[in-house]
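Raw contents of final_2.cif, mmCIF, C-alpha atoms (C1' of nucleotides):
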```cif
data_data
loop_
_atom_site.label_atom_id
_atom_site.label_comp_id
_atom_site.auth_asym_id
_atom_site.auth_seq_id
_atom_site.Cartn_x
_atom_site.Cartn_y
_atom_site.Cartn_z
CA MET K 75 0.00 0.00 0.00
CA LYS K 76 1.17 3.50 -0.78
CA THR K 77 1.71 5.34 2.44
CA ASP K 78 1.99 8.98 1.55
CA LEU K 79 2.22 10.36 5.05
CA LEU K 80 4.37 13.28 4.00
CA GLU K 81 1.78 14.24 1.40
CA ILE K 82 -0.92 14.11 4.07
CA HIS K 83 1.31 16.21 6.29
CA GLY K 84 1.41 18.79 3.48
CA ILE K 85 -2.35 18.75 2.99
CA LEU K 86 -2.99 19.26 6.69
CA LEU K 87 -0.36 21.97 6.97
CA GLU K 88 -1.88 23.83 4.07
CA ARG K 89 -5.35 23.50 5.55
CA PHE K 90 -4.67 24.23 9.21
CA GLY K 91 -1.33 26.03 9.18
CA PRO K 92 1.49 25.54 11.71
CA GLN K 93 0.16 24.44 15.11
CA HIS K 94 3.08 25.82 17.13
CA TRP K 95 3.33 22.84 19.46
CA TRP K 96 4.15 22.29 22.24
CA PRO K 97 2.39 25.26 23.88
CA GLY K 98 4.79 25.28 26.84
CA GLU K 99 7.38 27.90 27.64
CA THR K 100 10.08 25.59 28.99
CA PRO K 101 10.99 21.88 28.71
CA PHE K 102 9.81 21.47 32.30
CA GLU K 103 6.44 23.03 31.51
CA VAL K 104 6.15 20.77 28.46
CA THR K 105 6.91 17.74 30.60
CA VAL K 106 4.36 18.65 33.26
CA GLY K 107 1.82 19.34 30.51
CA ALA K 108 2.50 15.96 28.92
CA ILE K 109 1.57 14.23 32.18
CA LEU K 110 -1.43 16.42 32.90
CA THR K 111 -2.92 16.04 29.43
CA GLN K 112 -3.27 12.28 29.72
CA SER K 113 -6.81 11.55 28.57
CA THR K 114 -7.69 15.19 29.16
CA SER K 115 -8.44 18.14 26.92
CA TRP K 116 -5.67 20.73 26.72
CA LYS K 117 -8.04 23.50 27.80
CA ASN K 118 -8.42 21.88 31.19
CA VAL K 119 -4.67 21.32 31.41
CA GLU K 120 -4.06 25.01 30.72
CA LYS K 121 -6.02 25.90 33.85
CA ALA K 122 -3.94 23.55 35.96
CA ILE K 123 -0.71 24.86 34.44
CA ALA K 124 -1.84 28.43 35.09
CA ASN K 125 -2.54 27.57 38.74
CA LEU K 126 0.90 26.01 39.17
CA LYS K 127 2.58 28.95 37.50
CA LYS K 128 0.63 31.54 39.48
CA GLU K 129 1.62 29.90 42.77
CA GLY K 130 5.25 29.52 41.70
CA PHE K 131 5.32 25.72 41.64
CA LEU K 132 5.94 25.18 37.93
CA ASN K 133 9.59 24.30 38.40
CA PRO K 134 11.45 21.23 39.74
CA GLU K 135 12.07 22.72 43.18
CA GLY K 136 8.48 23.86 43.52
CA LEU K 137 6.97 20.51 42.59
CA ASN K 138 9.50 18.76 44.79
CA HIS K 139 8.50 20.71 47.86
CA ILE K 140 4.75 21.18 47.42
CA ASN K 141 2.69 18.80 49.52
CA PRO K 142 0.45 16.38 47.61
CA ASP K 143 -2.81 17.85 48.91
CA ASP K 144 -1.90 21.33 47.70
CA LEU K 145 -0.73 19.94 44.37
CA SER K 146 -4.02 18.08 43.95
CA THR K 147 -5.94 21.28 44.54
CA LEU K 148 -3.92 23.23 41.97
CA ILE K 149 -4.20 20.62 39.22
CA ARG K 150 -7.82 19.77 39.95
CA PRO K 151 -9.15 21.30 36.68
CA ALA K 152 -7.09 18.76 34.69
CA GLY K 153 -9.07 15.86 36.14
CA TYR K 154 -7.78 12.61 37.67
CA TYR K 155 -6.08 14.93 40.10
CA ASN K 156 -5.14 12.32 42.67
CA ALA K 157 -3.58 10.03 40.08
CA LYS K 158 -1.80 12.92 38.37
CA THR K 159 -0.50 14.24 41.67
CA ARG K 160 1.18 10.89 42.24
CA LYS K 161 2.51 10.85 38.67
CA LEU K 162 4.06 14.31 39.00
CA LYS K 163 5.55 13.42 42.37
CA GLU K 164 6.98 10.15 41.02
CA PHE K 165 8.56 12.05 38.14
CA ILE K 166 10.06 14.72 40.39
CA LYS K 167 11.34 12.07 42.79
CA HIS K 168 13.09 10.33 39.91
CA LEU K 169 14.48 13.63 38.63
CA TYR K 170 16.04 14.47 41.99
CA GLU K 171 17.27 10.98 42.76
CA ASN K 172 18.94 10.52 39.39
CA HIS K 173 19.70 13.98 37.96
CA ASP K 174 19.90 16.36 40.94
CA GLY K 175 16.61 17.91 39.86
CA ASP K 176 18.14 19.05 36.58
CA LEU K 177 15.76 18.25 33.71
CA GLY K 178 18.33 19.43 31.16
CA LYS K 179 20.71 16.71 32.29
CA MET K 180 18.02 14.09 32.01
CA LEU K 181 16.86 15.20 28.56
CA ALA K 182 20.43 15.28 27.25
CA ALA K 183 20.56 11.48 27.13
CA ASP K 184 20.35 9.50 23.92
CA ALA K 185 16.71 9.28 22.80
CA LYS K 186 16.57 5.50 23.15
CA ASP K 187 18.02 5.57 26.66
CA LEU K 188 15.83 8.49 27.63
CA ARG K 189 12.74 6.61 26.46
CA CYS K 190 13.65 3.59 28.58
CA GLU K 191 14.29 5.82 31.56
CA LEU K 192 10.99 7.67 31.18
CA LEU K 193 9.06 4.42 30.80
CA SER K 194 10.56 3.18 34.05
CA ILE K 195 8.84 6.01 35.94
CA TRP K 196 5.39 5.19 37.32
CA GLY K 197 2.69 7.08 35.43
CA ILE K 198 4.67 7.64 32.25
CA GLY K 199 3.62 5.40 29.39
CA PRO K 200 4.66 5.31 25.72
CA GLU K 201 2.75 8.37 24.53
CA THR K 202 3.79 10.58 27.42
CA ALA K 203 7.40 9.44 27.09
CA ASP K 204 7.49 10.14 23.35
CA SER K 205 5.81 13.53 23.84
CA ILE K 206 8.49 14.51 26.36
CA ILE K 207 11.29 13.30 24.08
CA LEU K 208 9.92 15.09 21.02
CA TYR K 209 8.56 18.30 22.48
CA ALA K 210 10.74 18.84 25.55
CA ALA K 211 14.02 17.22 24.50
CA GLY K 212 13.67 18.02 20.79
CA LYS K 213 14.68 14.54 19.65
CA PRO K 214 12.93 12.62 16.86
CA GLN K 215 10.41 10.23 18.40
CA PHE K 216 7.04 10.03 16.68
CA VAL K 217 4.13 10.45 19.08
CA VAL K 218 1.13 8.18 18.58
CA ASP K 219 -2.16 9.00 20.23
CA ALA K 220 -5.81 8.04 19.98
CA TYR K 221 -6.31 10.45 17.05
CA THR K 222 -3.36 8.99 15.13
CA LYS K 223 -4.78 5.52 15.54
CA ARG K 224 -8.30 6.52 14.54
CA ILE K 225 -7.20 8.59 11.54
CA PHE K 226 -4.71 6.01 10.22
CA SER K 227 -7.34 3.34 10.68
CA ARG K 228 -9.94 5.32 8.74
CA LEU K 229 -7.37 5.95 5.99
CA GLY K 230 -6.88 2.19 5.79
CA TYR K 231 -3.19 2.27 6.78
CA VAL K 232 -3.66 0.13 9.87
CA ASN K 233 -6.49 -1.70 11.53
CA SER K 234 -8.14 -0.77 14.77
CA GLU K 235 -6.26 -3.49 16.61
CA THR K 236 -2.81 -2.09 15.80
CA GLY K 237 -0.84 -1.35 18.95
CA TYR K 238 1.19 1.69 19.94
CA ASP K 239 4.62 0.39 18.95
CA SER K 240 3.44 -0.81 15.54
CA LEU K 241 1.79 2.53 14.80
CA LYS K 242 4.93 4.35 15.87
CA GLU K 243 7.11 2.12 13.70
CA PHE K 244 4.77 2.56 10.74
CA SER K 245 4.83 6.35 11.11
CA GLU K 246 8.60 6.61 11.51
CA LYS K 247 9.16 4.29 8.56
CA ASN K 248 7.03 6.47 6.30
CA LEU K 249 8.24 9.91 7.34
CA PRO K 250 11.64 11.58 7.19
CA ARG K 251 13.33 11.27 10.60
CA ASN K 252 13.00 14.93 11.37
CA VAL K 253 11.95 16.65 14.61
CA LYS K 254 10.13 19.44 12.80
CA VAL K 255 8.11 16.99 10.72
CA TYR K 256 7.25 14.75 13.69
CA ASN K 257 6.34 17.78 15.78
CA GLU K 258 4.06 19.37 13.22
CA PHE K 259 2.49 16.18 11.93
CA HIS K 260 1.41 14.97 15.35
CA ALA K 261 -0.05 18.38 16.15
CA LEU K 262 -1.85 18.46 12.80
CA LEU K 263 -3.31 14.99 13.38
CA VAL K 264 -4.68 16.16 16.72
CA ARG K 265 -6.13 19.23 15.03
CA LEU K 266 -7.70 17.08 12.31
CA GLY K 267 -9.00 14.66 14.91
CA LYS K 268 -10.62 17.37 16.97
CA ASN K 269 -12.26 18.98 13.96
CA HIS K 270 -13.15 16.07 11.71
CA CYS K 271 -12.42 12.68 13.17
CA ARG K 272 -14.25 12.41 16.45
CA LYS K 273 -15.27 9.10 17.87
CA THR K 274 -18.88 9.91 17.19
CA LYS K 275 -20.64 12.42 14.95
CA PRO K 276 -17.67 12.88 12.57
CA LEU K 277 -17.76 16.09 10.54
CA CYS K 278 -16.87 14.48 7.22
CA THR K 279 -18.02 17.19 4.87
CA GLU K 280 -15.21 19.64 5.55
CA CYS K 281 -12.48 17.07 6.21
CA PRO K 282 -9.41 17.71 4.00
CA LEU K 283 -8.80 13.95 3.83
CA LYS K 284 -12.36 12.86 3.10
CA LYS K 285 -11.45 11.56 -0.38
CA ARG K 286 -8.78 9.31 1.11
CA CYS K 287 -10.93 7.94 3.88
CA LYS K 288 -11.35 4.21 3.30
CA LYS K 289 -13.56 3.36 6.20
CA LYS K 290 -17.02 4.51 6.99
CA LYS K 291 -16.96 6.49 10.18
CA THR K 292 -19.14 4.66 12.59
CA LYS K 293 -19.56 4.88 16.29
CA THR K 294 -16.75 2.90 17.84
CA SER K 295 -17.11 0.90 20.99
CA ARG K 296 -15.39 2.40 23.94
CA LYS K 297 -12.62 0.20 25.25
CA LYS K 298 -11.94 1.79 28.58
"C1'" DG D 28 -27.66 14.75 30.54
"C1'" DG D 29 -24.54 12.04 27.91
"C1'" DC D 30 -20.27 11.91 25.44
"C1'" DC D 31 -15.61 12.68 25.17
"C1'" DA D 32 -10.93 14.60 25.86
"C1'" DG D 33 -3.43 15.17 23.29
"C1'" DG D 34 -3.34 7.70 28.94
"C1'" DA D 35 -1.68 4.73 32.29
"C1'" DC D 36 -2.15 1.35 35.62
"C1'" DA D 37 -4.46 -2.35 38.54
"C1'" DC D 38 -6.90 -6.35 38.64
"C1'" DC D 39 -8.79 -10.65 37.25
"C1'" DA D 40 -9.84 -14.81 34.62
"C1'" DT C 863 -1.83 -12.09 28.35
"C1'" DG C 864 -5.82 -9.66 27.07
"C1'" DG C 865 -10.01 -7.48 28.50
"C1'" DT C 866 -12.16 -4.42 31.75
"C1'" DG C 867 -12.48 -1.06 35.50
"C1'" DT C 868 -10.74 3.16 37.64
"C1'" DC C 869 -9.14 7.66 37.90
"C1'" DA C 870 -12.41 13.05 37.34
"C1'" DT C 871 -13.02 17.74 35.64
"C1'" DG C 872 -15.18 20.58 32.22
"C1'" DG C 873 -16.78 21.84 27.42
"C1'" DC C 874 -20.13 20.93 23.98
#
```

Please, can you express the file's structure as C-alpha cells?
Amino acid sequence: MKTDLLEIHGILLERFGPQHWWPGETPFEVTVGAILTQSTSWKNVEKAIANLKKEGFLNPEGLNHINPDDLSTLIRPAGYYNAKTRKLKEFIKHLYENHDGDLGKMLAADAKDLRCELLSIWGIGPETADSIILYAAGKPQFVVDAYTKRIFSRLGYVNSETGYDSLKEFSEKNLPRNVKVYNEFHALLVRLGKNHCRKTKPLCTECPLKKRCKKKKTKTSRKK
DNA sequence: GGCCAGGACACCA
DNA sequence: TGGTGTCATGGC
C-alpha cells in the first residue's frame, strides 16, 4: 500500500497552518503538561498549568516541595487529580534521585536511553514518554495517540487493533526522521481529529482527507 | 444529561 | 496475556 504520510502532512499543513506545538514555555512546563494532558483536553490542562505557575510551583524545586494535597488542589481542573499528583511526584522524585533535579541533564541522554528511563517512571507510558522526548528534548520520536490511531485506521493504513509500537514504527518508517516533521504532523493529526475525526458524529463534509478515507466512520465501541 | 478529551495502571480470569 | 475497570473535571 502506498503510504503517503508526507503528502498528508502537506495537505494538513496547508489546511490548518502551523500548530506551534508544544504550547509550553520551557521543557519542564512541556513535561508537566504531557503528564497532565493524559486523557484530558488541553483547555483543562491550561487551567492547571496556570494555577501552578501563578503559585510559583511550575519548576522542579516547587513541585519537589509542594505537599500532595496542595498539588491536587492546583491541578484539579485537569481531572484525575489524585492520580496525576502521584505521577508528578513520582517524576520529580526520579528527577532528583537521578539527575539532581536538573531536567536538562536528564533530557540530554540518547533518545533510546531516555525513552527507557521515562518508561521506568510510574505514570509515564509510551505516549507521554514520546511527547516529552519530542517536544521537551527536541529529539525525533514520533508520538502516537488516539487520534493517530483513529485517523490512520480510517485511511486504511492500519487496523483498529494495531498497537502503539506498531503505529509508531509505521509512522517513523514512512516519514523523514525529522523533529520538525514529527512535531508538526502529530499536532496536525490532533487538530484534524478534533475537527473532523471524532469518535462519534464525525464532521466528514469539511475534512481535508475525506477523499482518502477508506472506512465509513461509525460509532466505535469504547474500550476503557 | 450524555459523550468525550493530546493515557496509564491495577486487577482478574 | 488480554479485557475491563478506575481515575475526574469541564466543554459541547

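Interatomic distance, atom CA of K:Leu87 against atom CA of K:Leu181: 28.4 Å.
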
Show which residues sit within 7 Å of stretch 28-32 of chain D, as a PDB file with C-alpha atoms, in the frame of the given file. Count all atoms listed in the file, and ignore same-chain residues fewer than 2 positions away.
```pdb
ATOM      1  CA  SER K 113      -6.810  11.550  28.570  1.00  0.00           C
ATOM      2  CA  THR K 114      -7.690  15.190  29.160  1.00  0.00           C
ATOM      3  CA  SER K 115      -8.440  18.140  26.920  1.00  0.00           C
TER       4      SER K 115
END
```

Next on the checklist: Counting only C-alpha atoms (C1' of nucleotides), a student should be able to say which residues of chain D come within 8 Å of chain K; what is the right answer, written as a ChimeraX atom specification?
Outcome noted: /D:32-36

Checklist entry - Quick one: which residues end up in the PyMOL selection byres ((chain C) within 9 of (chain K)) for this structure, as a VMD selection string? => result chain C and resid 865 to 867 869 to 873

Next on the checklist: Which residues are near stretch 126-130 of chain K? Cut-off 12 Å, all atoms listed in the file, ignore same chain within fewer than 6 positions. Put them as a ChimeraX atom specification.
Outcome noted: /K:98-100,102-103,106-107,110,119-120,136-140,144-152

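Atom CA of K:Gly212 is positioned 23.1 Å from atom CA of K:Glu81.
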
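For the pair atom CA of K:Thr279 and atom CA of K:Lys223, the separation is 20.6 Å.
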
Checklist entry - Quick one: residues within 10 Å of K:Ser227, only C-alpha atoms (C1' of nucleotides) counted, chain neighbours fewer than 6 positions away excluded, as a ChimeraX atom specification? => result /K:221,233-236,287-289

Keeping C-alpha atoms, export the residues of the selection given above as a PDB file, in the frame of the given file.
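Generated output (out_27.pdb):
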```pdb
ATOM      1  CA  TYR K 221      -6.310  10.450  17.050  1.00  0.00           C
ATOM      2  CA  ASN K 233      -6.490  -1.700  11.530  1.00  0.00           C
ATOM      3  CA  SER K 234      -8.140  -0.770  14.770  1.00  0.00           C
ATOM      4  CA  GLU K 235      -6.260  -3.490  16.610  1.00  0.00           C
ATOM      5  CA  THR K 236      -2.810  -2.090  15.800  1.00  0.00           C
ATOM      6  CA  CYS K 287     -10.930   7.940   3.880  1.00  0.00           C
ATOM      7  CA  LYS K 288     -11.350   4.210   3.300  1.00  0.00           C
ATOM      8  CA  LYS K 289     -13.560   3.360   6.200  1.00  0.00           C
TER       9      LYS K 289
END
```

Next on the checklist: So that I can see what lies close to stretch 206-209 of chain K, please list as a VMD selection string the residues with an atom at most 7 Å from it, counting only C-alpha atoms (C1' of nucleotides) and leaving out residues fewer than 4 positions away in the same chain.
Outcome noted: chain K and resid 96 104 to 105 108 185 202 213 to 215 253 257

Same residues, C-alpha atoms, output as a tab-separated table (two decimals), in the coordinates of the input:
```
chain	number	residue	atom	x	y	z
K	96	TRP	CA	4.15	22.29	22.24
K	104	VAL	CA	6.15	20.77	28.46
K	105	THR	CA	6.91	17.74	30.60
K	108	ALA	CA	2.50	15.96	28.92
K	185	ALA	CA	16.71	9.28	22.80
K	202	THR	CA	3.79	10.58	27.42
K	213	LYS	CA	14.68	14.54	19.65
K	214	PRO	CA	12.93	12.62	16.86
K	215	GLN	CA	10.41	10.23	18.40
K	253	VAL	CA	11.95	16.65	14.61
K	257	ASN	CA	6.34	17.78	15.78
```

Missing atoms in stretch 237-256 of chain K should be modelled up to N, CA and C atoms and reported as a short mmCIF file (atom, residue, chain, number, x, y, z; two decimals), in the frame of the given file.
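Heads up, here's the output in out.cif:
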```
data_model
loop_
_atom_site.label_atom_id
_atom_site.label_comp_id
_atom_site.auth_asym_id
_atom_site.auth_seq_id
_atom_site.Cartn_x
_atom_site.Cartn_y
_atom_site.Cartn_z
N GLY K 237 -1.31 -1.88 17.67
CA GLY K 237 -0.84 -1.35 18.95
C GLY K 237 0.05 -0.13 18.80
N TYR K 238 0.41 0.45 19.92
CA TYR K 238 1.19 1.69 19.94
C TYR K 238 2.51 1.54 19.19
N ASP K 239 3.28 0.53 19.54
CA ASP K 239 4.62 0.39 18.95
C ASP K 239 4.57 0.18 17.44
N SER K 240 3.57 -0.58 16.98
CA SER K 240 3.44 -0.81 15.54
C SER K 240 3.08 0.47 14.81
N LEU K 241 2.18 1.26 15.40
CA LEU K 241 1.79 2.53 14.80
C LEU K 241 2.97 3.50 14.74
N LYS K 242 3.74 3.48 15.80
CA LYS K 242 4.93 4.35 15.87
C LYS K 242 5.94 3.94 14.79
N GLU K 243 6.17 2.65 14.68
CA GLU K 243 7.11 2.12 13.70
C GLU K 243 6.64 2.44 12.28
N PHE K 244 5.36 2.26 12.04
CA PHE K 244 4.77 2.56 10.74
C PHE K 244 4.98 4.04 10.38
N SER K 245 4.72 4.91 11.35
CA SER K 245 4.83 6.35 11.11
C SER K 245 6.28 6.75 10.84
N GLU K 246 7.19 6.24 11.65
CA GLU K 246 8.60 6.61 11.51
C GLU K 246 9.19 6.06 10.22
N LYS K 247 8.68 4.92 9.80
CA LYS K 247 9.16 4.29 8.56
C LYS K 247 8.72 5.09 7.33
N ASN K 248 7.60 5.78 7.46
CA ASN K 248 7.03 6.47 6.30
C ASN K 248 7.15 7.99 6.35
N LEU K 249 7.99 8.46 7.25
CA LEU K 249 8.24 9.91 7.34
C LEU K 249 9.74 10.13 7.46
N PRO K 250 10.22 11.27 6.97
CA PRO K 250 11.64 11.58 7.19
C PRO K 250 11.89 11.75 8.68
N ARG K 251 13.03 11.20 9.17
CA ARG K 251 13.33 11.27 10.60
C ARG K 251 13.76 12.68 10.95
N ASN K 252 12.76 13.50 11.20
CA ASN K 252 13.00 14.93 11.37
C ASN K 252 12.10 15.48 12.48
N VAL K 253 12.70 16.14 13.44
CA VAL K 253 11.95 16.65 14.61
C VAL K 253 10.82 17.58 14.19
N LYS K 254 11.13 18.46 13.25
CA LYS K 254 10.13 19.44 12.80
C LYS K 254 8.91 18.74 12.18
N VAL K 255 9.20 17.73 11.37
CA VAL K 255 8.11 16.99 10.72
C VAL K 255 7.29 16.22 11.76
N TYR K 256 7.96 15.52 12.65
CA TYR K 256 7.25 14.75 13.69
C TYR K 256 6.40 15.69 14.56
#
```
